[in-house]
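Here's entry_25.tsv, which has TSV, C-alpha atoms:
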chain	number	residue	atom	x	y	z
A	1088	MET	CA	0.00	0.00	0.00
A	1089	SER	CA	1.44	3.37	-1.01
A	1090	VAL	CA	1.65	6.12	1.59
A	1091	THR	CA	1.10	9.72	0.50
A	1092	GLN	CA	2.37	13.00	1.89
A	1093	GLN	CA	-1.19	14.03	2.63
A	1094	GLN	CA	-1.70	10.95	4.81
A	1095	VAL	CA	1.40	11.88	6.75
A	1096	LEU	CA	0.24	15.50	7.12
A	1097	ASP	CA	-3.20	14.36	8.27
A	1098	ALA	CA	-1.61	12.20	10.96
A	1099	LEU	CA	0.75	14.97	12.08
A	1100	ALA	CA	-2.12	17.46	12.31
A	1101	LYS	CA	-3.33	15.48	15.34
A	1102	VAL	CA	-0.04	16.04	17.17
A	1103	ALA	CA	0.26	19.22	19.23
A	1104	SER	CA	3.46	21.26	19.56
A	1105	PRO	CA	4.67	22.48	22.98
A	1106	ARG	CA	2.87	25.72	22.20
A	1107	GLY	CA	-0.41	23.88	21.74
A	1108	VAL	CA	-0.79	24.37	17.98
A	1109	ALA	CA	-0.96	21.49	15.53
A	1110	LEU	CA	2.45	20.26	14.39
A	1111	THR	CA	1.53	21.02	10.78
A	1112	ASN	CA	0.93	24.69	11.72
A	1113	ALA	CA	4.06	25.13	13.85
A	1114	ASN	CA	6.37	25.96	10.91
A	1115	VAL	CA	8.93	23.32	11.96
A	1116	LEU	CA	8.50	20.52	9.43
A	1117	SER	CA	10.97	19.87	6.64
A	1118	ALA	CA	9.88	18.55	3.28
A	1119	ILE	CA	8.25	15.14	3.71
A	1120	THR	CA	9.35	12.23	1.57
A	1121	ALA	CA	6.77	9.42	1.45
A	1122	ALA	CA	7.00	6.60	-1.07
A	1123	ASP	CA	6.71	2.81	-1.06
A	1124	GLY	CA	5.95	2.76	2.65
A	1125	LYS	CA	9.04	4.81	3.60
A	1126	VAL	CA	8.60	8.16	5.32
A	1127	PHE	CA	11.42	10.67	5.93
A	1128	PHE	CA	11.28	14.15	7.43
A	1129	SER	CA	12.75	16.26	10.22
A	1130	ILE	CA	11.41	18.61	12.86
A	1131	ASN	CA	13.56	21.76	12.96
A	1132	VAL	CA	13.51	23.73	16.23
A	1133	ASP	CA	15.71	26.06	18.26
A	1134	ALA	CA	18.24	24.26	20.44
A	1135	ALA	CA	16.93	25.99	23.57
A	1136	GLU	CA	13.60	24.19	23.10
A	1137	ALA	CA	14.97	20.79	22.10
A	1138	ARG	CA	14.01	19.00	25.33
A	1139	ALA	CA	10.40	20.11	25.09
A	1140	TRP	CA	10.19	18.99	21.47
A	1141	GLU	CA	11.52	15.46	21.96
A	1142	SER	CA	8.18	14.20	23.29
A	1143	VAL	CA	6.53	15.79	20.26
A	1144	ARG	CA	8.95	13.98	17.97
A	1145	ALA	CA	8.07	10.70	19.69
A	1146	GLN	CA	4.34	11.39	19.25
A	1147	ALA	CA	4.86	12.28	15.60
A	1148	GLU	CA	6.84	9.09	15.10
A	1149	ALA	CA	4.06	7.01	16.66
A	1150	ALA	CA	1.45	8.76	14.53
A	1151	VAL	CA	3.39	8.07	11.32
A	1152	ARG	CA	4.02	4.43	12.26
A	1153	ALA	CA	0.28	3.98	12.77
A	1154	ILE	CA	-0.49	4.89	9.16
A	1155	PRO	CA	-1.39	1.70	7.23
A	1156	GLY	CA	1.37	0.79	4.80
A	1157	VAL	CA	4.27	2.50	6.60
A	1158	SER	CA	7.22	0.11	6.83
A	1159	VAL	CA	10.14	2.46	7.53
A	1160	ALA	CA	10.13	5.83	9.29
A	1161	MET	CA	13.09	8.16	9.78
A	1162	ILE	CA	12.10	11.23	11.78
A	1163	ALA	CA	14.86	13.43	13.14
A	1164	LEU	CA	14.76	16.30	15.61
A	1165	THR	CA	17.10	18.97	14.28
A	1166	ALA	CA	18.00	21.64	16.84
A	1167	GLU	CA	20.13	24.68	16.06
A	1168	ARG	CA	21.15	27.55	18.31
A	1169	LYS	CA	20.10	30.96	17.04
A	1170	VAL	CA	22.82	33.54	16.46
A	1171	GLY	CA	23.51	35.37	19.74
A	1172	ALA	CA	21.54	32.91	21.86
A	1173	ALA	CA	23.00	31.14	24.87
A	1174	PRO	CA	23.92	27.48	24.38
A	1175	ALA	CA	21.20	25.00	25.16
A	1176	ALA	CA	21.51	22.61	28.08
A	1177	PRO	CA	23.24	19.33	27.16
A	1178	PRO	CA	20.70	16.85	25.77
A	1179	ALA	CA	20.21	13.36	27.10
A	1180	PRO	CA	22.85	11.06	25.62
A	1181	HIS	CA	20.62	8.13	24.74
A	1182	GLN	CA	18.83	7.25	21.53
A	1183	HIS	CA	15.39	5.76	21.03
A	1184	ARG	CA	15.34	2.60	18.98
A	1185	HIS	CA	12.32	0.94	17.45
A	1186	ALA	CA	11.50	-1.49	14.71
A	1187	HIS	CA	11.52	1.23	12.08
A	1188	GLY	CA	14.97	2.63	12.72
A	1189	VAL	CA	17.18	4.51	15.12
A	1190	GLN	CA	16.13	8.11	15.57
A	1191	PRO	CA	18.29	10.90	17.04
A	1192	VAL	CA	16.55	12.42	20.08
A	1193	SER	CA	18.75	15.36	20.89
A	1194	ALA	CA	20.24	18.54	19.52
A	1195	HIS	CA	23.68	18.71	18.01
A	1196	LYS	CA	26.34	17.88	20.60
A	1197	PRO	CA	29.73	19.50	20.82
A	1198	PRO	CA	32.24	17.38	18.90
A	1199	GLN	CA	34.17	14.86	20.98
A	1200	SER	CA	37.88	15.21	21.39
A	1201	PRO	CA	39.64	13.16	18.71
A	1202	ALA	CA	41.29	11.14	21.48
A	1203	SER	CA	38.06	10.40	23.36
A	1204	PRO	CA	36.73	6.82	23.24
A	1205	MET	CA	33.96	5.99	20.80
A	1206	SER	CA	31.59	5.03	23.61
A	1207	LYS	CA	28.66	4.18	21.32
A	1208	GLN	CA	30.55	1.71	19.16
A	1209	ALA	CA	29.02	-1.74	18.92
A	1210	GLU	CA	29.73	-4.66	16.63
A	1211	ILE	CA	27.16	-5.53	13.97
A	1212	PRO	CA	26.00	-9.06	14.84
A	1213	GLY	CA	27.39	-11.57	12.35
A	1214	VAL	CA	29.76	-9.09	10.66
A	1215	ALA	CA	33.42	-9.82	11.34
A	1216	ALA	CA	34.91	-6.62	9.86
A	1217	VAL	CA	33.61	-3.29	8.57
A	1218	ILE	CA	35.80	-1.21	6.25
A	1219	ALA	CA	35.11	2.20	4.74
A	1220	VAL	CA	35.92	3.21	1.16
A	1221	ALA	CA	36.28	6.98	1.20
A	1222	SER	CA	37.53	9.97	-0.76
A	1223	GLY	CA	38.14	13.58	0.08
A	1224	LYS	CA	36.15	14.75	-2.95
A	1225	GLY	CA	33.62	13.45	-5.43
A	1226	GLY	CA	34.24	12.36	-8.99
A	1227	VAL	CA	37.23	10.10	-8.33
A	1228	GLY	CA	35.42	6.79	-8.99
A	1229	LYS	CA	34.97	5.84	-5.34
A	1230	SER	CA	31.70	3.91	-5.76
A	1231	THR	CA	32.95	1.99	-8.80
A	1232	THR	CA	36.08	1.08	-6.85
A	1233	ALA	CA	34.11	0.09	-3.75
A	1234	LEU	CA	31.87	-2.27	-5.72
A	1235	ASN	CA	34.69	-3.91	-7.66
A	1236	LEU	CA	36.80	-4.16	-4.49
A	1237	ALA	CA	33.90	-5.96	-2.80
A	1238	LEU	CA	33.73	-8.34	-5.78
A	1239	GLY	CA	37.50	-8.85	-5.62
A	1240	LEU	CA	37.19	-9.79	-1.93
A	1241	ARG	CA	34.34	-12.15	-2.86
A	1242	ASP	CA	36.64	-13.86	-5.37
A	1243	LEU	CA	39.05	-14.57	-2.52
A	1244	GLY	CA	36.40	-16.78	-0.92
A	1245	LEU	CA	35.09	-14.22	1.57
A	1246	ARG	CA	31.44	-13.54	2.41
A	1247	VAL	CA	31.05	-9.87	1.54
A	1248	GLY	CA	28.38	-7.20	1.94
A	1249	LEU	CA	28.25	-3.74	0.37
A	1250	LEU	CA	26.56	-0.78	2.04
A	1251	ASP	CA	26.06	2.32	-0.11
A	1252	ALA	CA	26.14	5.06	2.54
A	1253	ASP	CA	26.49	7.90	0.04
A	1254	ILE	CA	23.28	9.58	1.20
A	1255	TYR	CA	23.36	12.50	-1.23
A	1256	GLY	CA	24.38	10.58	-4.34
A	1257	PRO	CA	23.89	6.82	-4.04
A	1258	SER	CA	25.46	5.15	-7.06
A	1259	VAL	CA	25.25	1.46	-6.22
A	1260	PRO	CA	21.69	0.94	-7.59
A	1261	ARG	CA	22.89	2.12	-11.01
A	1262	LEU	CA	26.24	0.29	-10.81
A	1263	THR	CA	24.54	-3.02	-9.94
A	1264	GLY	CA	21.41	-2.64	-12.05
A	1265	ILE	CA	19.21	-3.19	-8.98
A	1266	HIS	CA	15.77	-1.58	-9.23
A	1267	GLU	CA	13.85	-3.58	-6.63
A	1268	LYS	CA	13.04	-2.50	-3.08
A	1269	PRO	CA	14.28	-4.38	0.00
A	1270	LYS	CA	11.75	-6.47	1.91
A	1271	LEU	CA	11.33	-6.79	5.67
A	1272	ASN	CA	11.86	-9.97	7.66
A	1273	ASP	CA	9.77	-11.05	10.66
A	1274	ASP	CA	11.85	-8.78	12.92
A	1275	ARG	CA	11.05	-5.86	10.61
A	1276	LYS	CA	14.66	-5.57	9.53
A	1277	MET	CA	15.43	-4.88	5.88
A	1278	ILE	CA	16.76	-7.82	3.91
A	1279	PRO	CA	19.75	-6.88	1.74
A	1280	ILE	CA	19.43	-7.60	-1.96
A	1281	GLU	CA	21.68	-10.37	-3.28
A	1282	ARG	CA	23.52	-9.65	-6.51
A	1283	PHE	CA	26.84	-10.94	-7.86
A	1284	GLY	CA	27.30	-12.97	-4.68
A	1285	LEU	CA	27.17	-9.82	-2.52
A	1286	SER	CA	24.65	-8.71	0.11
A	1287	ILE	CA	23.83	-5.15	-0.97
A	1288	MET	CA	21.97	-2.30	0.71
A	1289	SER	CA	21.67	1.32	-0.41
A	1290	ILE	CA	19.68	4.37	0.59
A	1291	GLY	CA	19.01	4.53	-3.15
A	1292	PHE	CA	16.79	1.44	-2.78
A	1293	LEU	CA	14.45	3.44	-0.51
A	1294	VAL	CA	14.08	6.66	-2.53
A	1295	GLU	CA	13.62	7.41	-6.19
A	1296	GLU	CA	16.77	8.06	-8.24
A	1297	GLU	CA	15.86	11.69	-8.98
A	1298	THR	CA	14.79	12.56	-5.42
A	1299	ALA	CA	16.88	15.42	-3.99
A	1300	MET	CA	18.19	14.37	-0.56
A	1301	ILE	CA	18.09	17.78	1.14
A	1302	TRP	CA	18.81	16.47	4.63
A	1303	ARG	CA	20.37	18.09	7.66
A	1304	GLY	CA	23.07	16.33	9.66
A	1305	PRO	CA	20.75	14.44	12.06
A	1306	MET	CA	18.80	12.96	9.15
A	1307	VAL	CA	22.03	11.77	7.55
A	1308	MET	CA	23.19	10.23	10.82
A	1309	SER	CA	19.81	8.58	11.39
A	1310	ALA	CA	19.77	7.08	7.89
A	1311	ILE	CA	23.29	5.66	8.15
A	1312	THR	CA	22.57	4.22	11.60
A	1313	GLN	CA	19.49	2.50	10.22
A	1314	MET	CA	21.42	1.13	7.25
A	1315	LEU	CA	23.93	-0.38	9.69
A	1316	ARG	CA	21.63	-1.62	12.45
A	1317	ASP	CA	18.25	-2.34	10.88
A	1318	VAL	CA	19.47	-4.52	8.03
A	1319	ALA	CA	19.60	-8.32	8.37
A	1320	TRP	CA	23.20	-8.65	7.16
A	1321	GLY	CA	23.52	-12.30	8.17
A	1322	THR	CA	27.04	-13.71	8.48
A	1323	LEU	CA	29.71	-11.68	6.67
A	1324	ASP	CA	33.49	-11.70	6.72
A	1325	ILE	CA	33.65	-8.10	5.48
A	1326	LEU	CA	31.12	-5.30	5.06
A	1327	VAL	CA	32.41	-2.72	2.59
A	1328	VAL	CA	30.89	0.73	3.16
A	1329	ASP	CA	30.87	3.17	0.24
A	1330	MET	CA	31.06	6.54	2.02
A	1331	PRO	CA	29.98	9.93	0.73
A	1332	PRO	CA	32.90	12.15	-0.26
A	1333	GLY	CA	34.29	14.53	2.34
A	1334	THR	CA	34.84	14.46	6.09
A	1335	GLY	CA	31.44	15.23	7.59
A	1336	ASP	CA	28.56	13.78	9.59
A	1337	ALA	CA	28.39	10.52	7.64
A	1338	GLN	CA	32.04	9.62	8.30
A	1339	LEU	CA	31.82	10.50	11.99
A	1340	THR	CA	28.56	8.58	12.40
A	1341	LEU	CA	30.13	5.45	10.94
A	1342	ALA	CA	33.26	5.76	13.10
A	1343	GLN	CA	31.17	6.32	16.23
A	1344	ASN	CA	28.71	3.50	15.53
A	1345	VAL	CA	30.93	0.55	14.66
A	1346	PRO	CA	34.56	-0.32	15.36
A	1347	LEU	CA	35.91	0.13	11.85
A	1348	LYS	CA	38.71	-2.27	10.99
A	1349	GLY	CA	40.10	0.17	8.45
A	1350	ALA	CA	39.58	2.68	5.65
A	1351	VAL	CA	40.61	2.66	1.99
A	1352	ILE	CA	41.22	6.11	0.47
A	1353	ILE	CA	40.49	6.62	-3.25
A	1354	SER	CA	42.27	9.39	-5.14
A	1355	THR	CA	43.31	10.33	-8.64
A	1356	PRO	CA	46.95	11.29	-9.38
A	1357	GLN	CA	46.34	15.01	-9.67
A	1358	ASP	CA	47.27	17.44	-6.89
A	1359	LEU	CA	43.72	18.70	-6.20
A	1360	SER	CA	42.48	15.19	-5.51
A	1361	LEU	CA	45.51	14.37	-3.37
A	1362	ILE	CA	44.97	17.43	-1.19
A	1363	ASP	CA	41.46	16.22	-0.36
A	1364	ALA	CA	42.69	12.65	0.10
A	1365	ARG	CA	45.05	13.92	2.79
A	1366	ARG	CA	42.11	15.44	4.64
A	1367	GLY	CA	40.21	12.17	4.52
A	1368	LEU	CA	43.21	10.23	5.75
A	1369	ALA	CA	43.79	12.71	8.57
A	1370	MET	CA	40.15	12.44	9.67
A	1371	PHE	CA	40.27	8.65	9.99
A	1372	ARG	CA	43.50	8.88	11.95
A	1373	LYS	CA	41.92	11.37	14.36
A	1374	VAL	CA	39.11	8.92	15.15
A	1375	ASN	CA	41.60	6.05	15.51
A	1376	VAL	CA	40.57	4.18	12.35
A	1377	PRO	CA	43.49	2.37	10.65
A	1378	VAL	CA	44.12	3.48	7.08
A	1379	LEU	CA	44.51	0.33	5.01
A	1380	GLY	CA	45.97	2.27	2.11
A	1381	ILE	CA	45.48	4.54	-0.88
A	1382	VAL	CA	44.26	3.52	-4.34
A	1383	GLU	CA	45.18	5.61	-7.39
A	1384	ASN	CA	42.10	5.51	-9.61
A	1385	MET	CA	42.13	6.81	-13.21
A	1386	SER	CA	45.88	6.35	-12.91
A	1387	TYR	CA	46.38	6.46	-16.67
A	1388	PHE	CA	44.34	6.20	-19.86
A	1389	GLN	CA	44.83	3.18	-22.05
A	1390	CYS	CA	43.47	3.52	-25.58
A	1391	PRO	CA	41.21	0.53	-26.34
A	1392	GLU	CA	42.14	0.68	-30.04
A	1393	CYS	CA	45.91	1.01	-30.06
A	1394	GLY	CA	46.86	0.34	-26.46
A	1395	THR	CA	48.74	3.64	-26.15
A	1396	ARG	CA	49.01	4.88	-22.57
A	1397	SER	CA	48.44	8.55	-21.64
A	1398	ASP	CA	48.82	10.02	-18.15
A	1399	ILE	CA	45.86	12.40	-18.41
A	1400	PHE	CA	45.78	13.33	-14.71
A	1401	GLY	CA	49.49	12.81	-14.13
A	1402	HIS	CA	50.73	9.56	-12.69
A	1403	GLY	CA	52.15	8.22	-9.45
A	1404	GLY	CA	50.86	11.00	-7.21
A	1405	ALA	CA	48.95	8.66	-4.92
A	1406	ARG	CA	51.90	6.28	-4.61
A	1407	HIS	CA	54.21	9.14	-3.64
A	1408	GLU	CA	51.62	10.46	-1.19
A	1409	ALA	CA	51.25	7.04	0.42
A	1410	GLU	CA	55.01	6.80	0.84
A	1411	ARG	CA	55.17	10.30	2.30
A	1412	LEU	CA	52.38	9.61	4.79
A	1413	GLY	CA	53.60	6.15	5.69
A	1414	VAL	CA	50.52	4.20	4.56
A	1415	PRO	CA	50.33	1.27	2.13
A	1416	PHE	CA	49.86	1.91	-1.57
A	1417	LEU	CA	47.22	-0.56	-2.73
A	1418	GLY	CA	47.43	-0.22	-6.51
A	1419	GLU	CA	46.72	1.65	-9.73
A	1420	ILE	CA	43.45	1.39	-11.67
A	1421	PRO	CA	43.46	2.71	-15.25
A	1422	LEU	CA	40.87	4.94	-16.87
A	1423	HIS	CA	39.52	2.43	-19.36
A	1424	MET	CA	36.40	2.14	-21.49
A	1425	SER	CA	35.48	-1.33	-20.27
A	1426	ILE	CA	35.39	-0.22	-16.63
A	1427	ARG	CA	33.14	2.71	-17.56
A	1428	THR	CA	30.77	0.80	-19.84
A	1429	THR	CA	30.31	-2.14	-17.49
A	1430	SER	CA	29.63	0.25	-14.62
A	1431	ASP	CA	27.03	2.19	-16.60
A	1432	SER	CA	25.31	-1.03	-17.65
A	1433	GLY	CA	25.01	-2.32	-14.07
A	1434	ASN	CA	27.36	-5.23	-14.70
A	1435	PRO	CA	30.68	-4.37	-12.99
A	1436	VAL	CA	33.91	-5.39	-14.66
A	1437	VAL	CA	34.99	-7.93	-12.03
A	1438	ALA	CA	31.71	-9.78	-12.56
A	1439	SER	CA	31.37	-9.32	-16.33
A	1440	GLU	CA	35.03	-9.81	-17.29
A	1441	PRO	CA	36.41	-11.99	-14.47
A	1442	ASP	CA	39.40	-13.17	-16.51
A	1443	GLY	CA	40.33	-9.70	-17.78
A	1444	PRO	CA	43.22	-7.52	-16.65
A	1445	HIS	CA	41.05	-5.06	-14.74
A	1446	ALA	CA	39.41	-7.75	-12.62
A	1447	ALA	CA	42.91	-8.93	-11.75
A	1448	ILE	CA	43.81	-5.43	-10.53
A	1449	TYR	CA	40.79	-5.24	-8.21
A	1450	ARG	CA	41.49	-8.74	-6.89
A	1451	ALA	CA	45.11	-7.75	-6.19
A	1452	ILE	CA	43.90	-4.72	-4.22
A	1453	GLY	CA	41.42	-6.96	-2.40
A	1454	THR	CA	44.22	-9.36	-1.52
A	1455	LYS	CA	46.24	-6.56	0.08
A	1456	VAL	CA	43.21	-5.39	2.05
A	1457	ARG	CA	42.44	-8.92	3.23
A	1458	ASP	CA	46.05	-9.55	4.26
A	1459	GLN	CA	46.16	-6.34	6.28
A	1460	LEU	CA	42.92	-7.21	8.05
A	1461	GLN	CA	44.22	-10.68	8.85
A	1462	GLY	CA	47.49	-9.21	10.10
A	1463	ALA	CA	45.69	-6.75	12.35
A	1464	THR	CA	43.50	-9.54	13.75
A	1465	ALA	CA	46.54	-11.73	14.44
A	1466	ALA	CA	48.34	-8.84	16.15
A	1467	ALA	CA	45.28	-8.12	18.30

Is it possible to express this structure as structure tokens?
Amino acid sequence: MSVTQQQVLDALAKVASPRGVALTNANVLSAITAADGKVFFSINVDAAEARAWESVRAQAEAAVRAIPGVSVAMIALTAERKVGAAPAAPPAPHQHRHAHGVQPVSAHKPPQSPASPMSKQAEIPGVAAVIAVASGKGGVGKSTTALNLALGLRDLGLRVGLLDADIYGPSVPRLTGIHEKPKLNDDRKMIPIERFGLSIMSIGFLVEEETAMIWRGPMVMSAITQMLRDVAWGTLDILVVDMPPGTGDAQLTLAQNVPLKGAVIISTPQDLSLIDARRGLAMFRKVNVPVLGIVENMSYFQCPECGTRSDIFGHGGARHEAERLGVPFLGEIPLHMSIRTTSDSGNPVVASEPDGPHAAIYRAIGTKVRDQLQGATAAA
């Protein structure tokens, strides 16, 4: 049964704000996304009033969950301090969890010291290791690399999952050719979609491809937490997480939620990309996440007709940067037509051309990642 925005608004009209007016008349609601039984929105209030609004958020959540056909609800309370206002009192540190997701219940908190323990970290049941594939900027082929790396790890005999956590620009649905929606099991957890021998989940499975994800930080954090915790991942040796580019809320949420075994940084050879790669590497180090290494993507262009090689973006920059920063260099991936065409067609090169030279490159990178994870486990 499809759920409409009007149904959501009708339900929220029965919820009163702390001022006594209907929630729909309180001028605090973000745009509401409602499709295929999934409902997303936030309640935006001043930080000084956050405590009073949490009970309203809980009532709104209950009202939305009661709508027939709602299967997933992500409702965040976004609290911001007005310019010149005194800081709000510290919010309660807990979160409220229910069958439809994990919802943030407090205003923004001051950032923790980089050296402080990640007190909320908890293993994902059945998942032996979680690794992040990240980049300092977009457009470097991070998602294509994450998918083919996951397939390379699969070819090594490992049970592998892939989580597309790129909230603002999920690419995995297009890269895998998956158009179906995830189903719920008896515990109301989402069942990942199986494709190419991988267990795959993406925020792109829950929203339409052209939907603009205009979400504040708490909504991003809530969505990523739900993708981690409310998915029936089963038994996995490695969960590969395709992160959004940058060093923001999504990266911190992942590091604070699960004990990451490591991060793989994707860069191109050119200086602009390397500058941003340094920032990404520095962020993971600050939150005590081991950097498994750097991959130089689009390392060179190889003409499919004559085989001539051209270093369009320069060459070797990522290798030199890895040496300078004292992290492993995992390998070079060329800019090649077959990688692009197989990605666009939803049939990644490691799966469609398993005996080709590019699949061998991704498997070699996967081997280095696996060996580092095994070495870290043995040392621990």

A:Thr1312, A:Thr1231, A:Gln1094, A:Thr1395: which is nearest Ile1154 in chain A, counting all atoms listed in the file?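 Closest residue, counting all atoms listed in the file: A:Gln1094.
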
Nearest residue to Asn1344 in chain A out of A:Val1159, A:Ile1287, A:Leu1368, A:Val1374, using only C-alpha atoms?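 Ranking A:Val1159, A:Ile1287, A:Leu1368, A:Val1374 by distance to Asn1344 in chain A, first place goes to A:Val1374.
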
I'd like to know which of A:Met1308, A:Ala1135, A:Ile1420, A:Ala1150 is closest to Asp1097 in chain A, using only C-alpha atoms.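 Using only C-alpha atoms, Asp1097 in chain A sits closest to A:Ala1150.
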
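Between CA of Ser1104 in chain A and CA of Ala1122 in chain A the separation is 25.6 Å.
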
Tell me, in Å to one decimal, how far CA of Gly1418 in chain A is from CA of Arg1450 in chain A.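 Taking CA of Gly1418 in chain A as the start and CA of Arg1450 in chain A as the end point, the length is 10.4 Å.
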
Between A:Pro1356, A:Pro1391, A:Pro1415, A:Pro1346, single out the one closest to Glu1210 in chain A, counting only C-alpha atoms.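 Of A:Pro1356, A:Pro1391, A:Pro1415, A:Pro1346, the one nearest Glu1210 in chain A is A:Pro1346, counting only C-alpha atoms.
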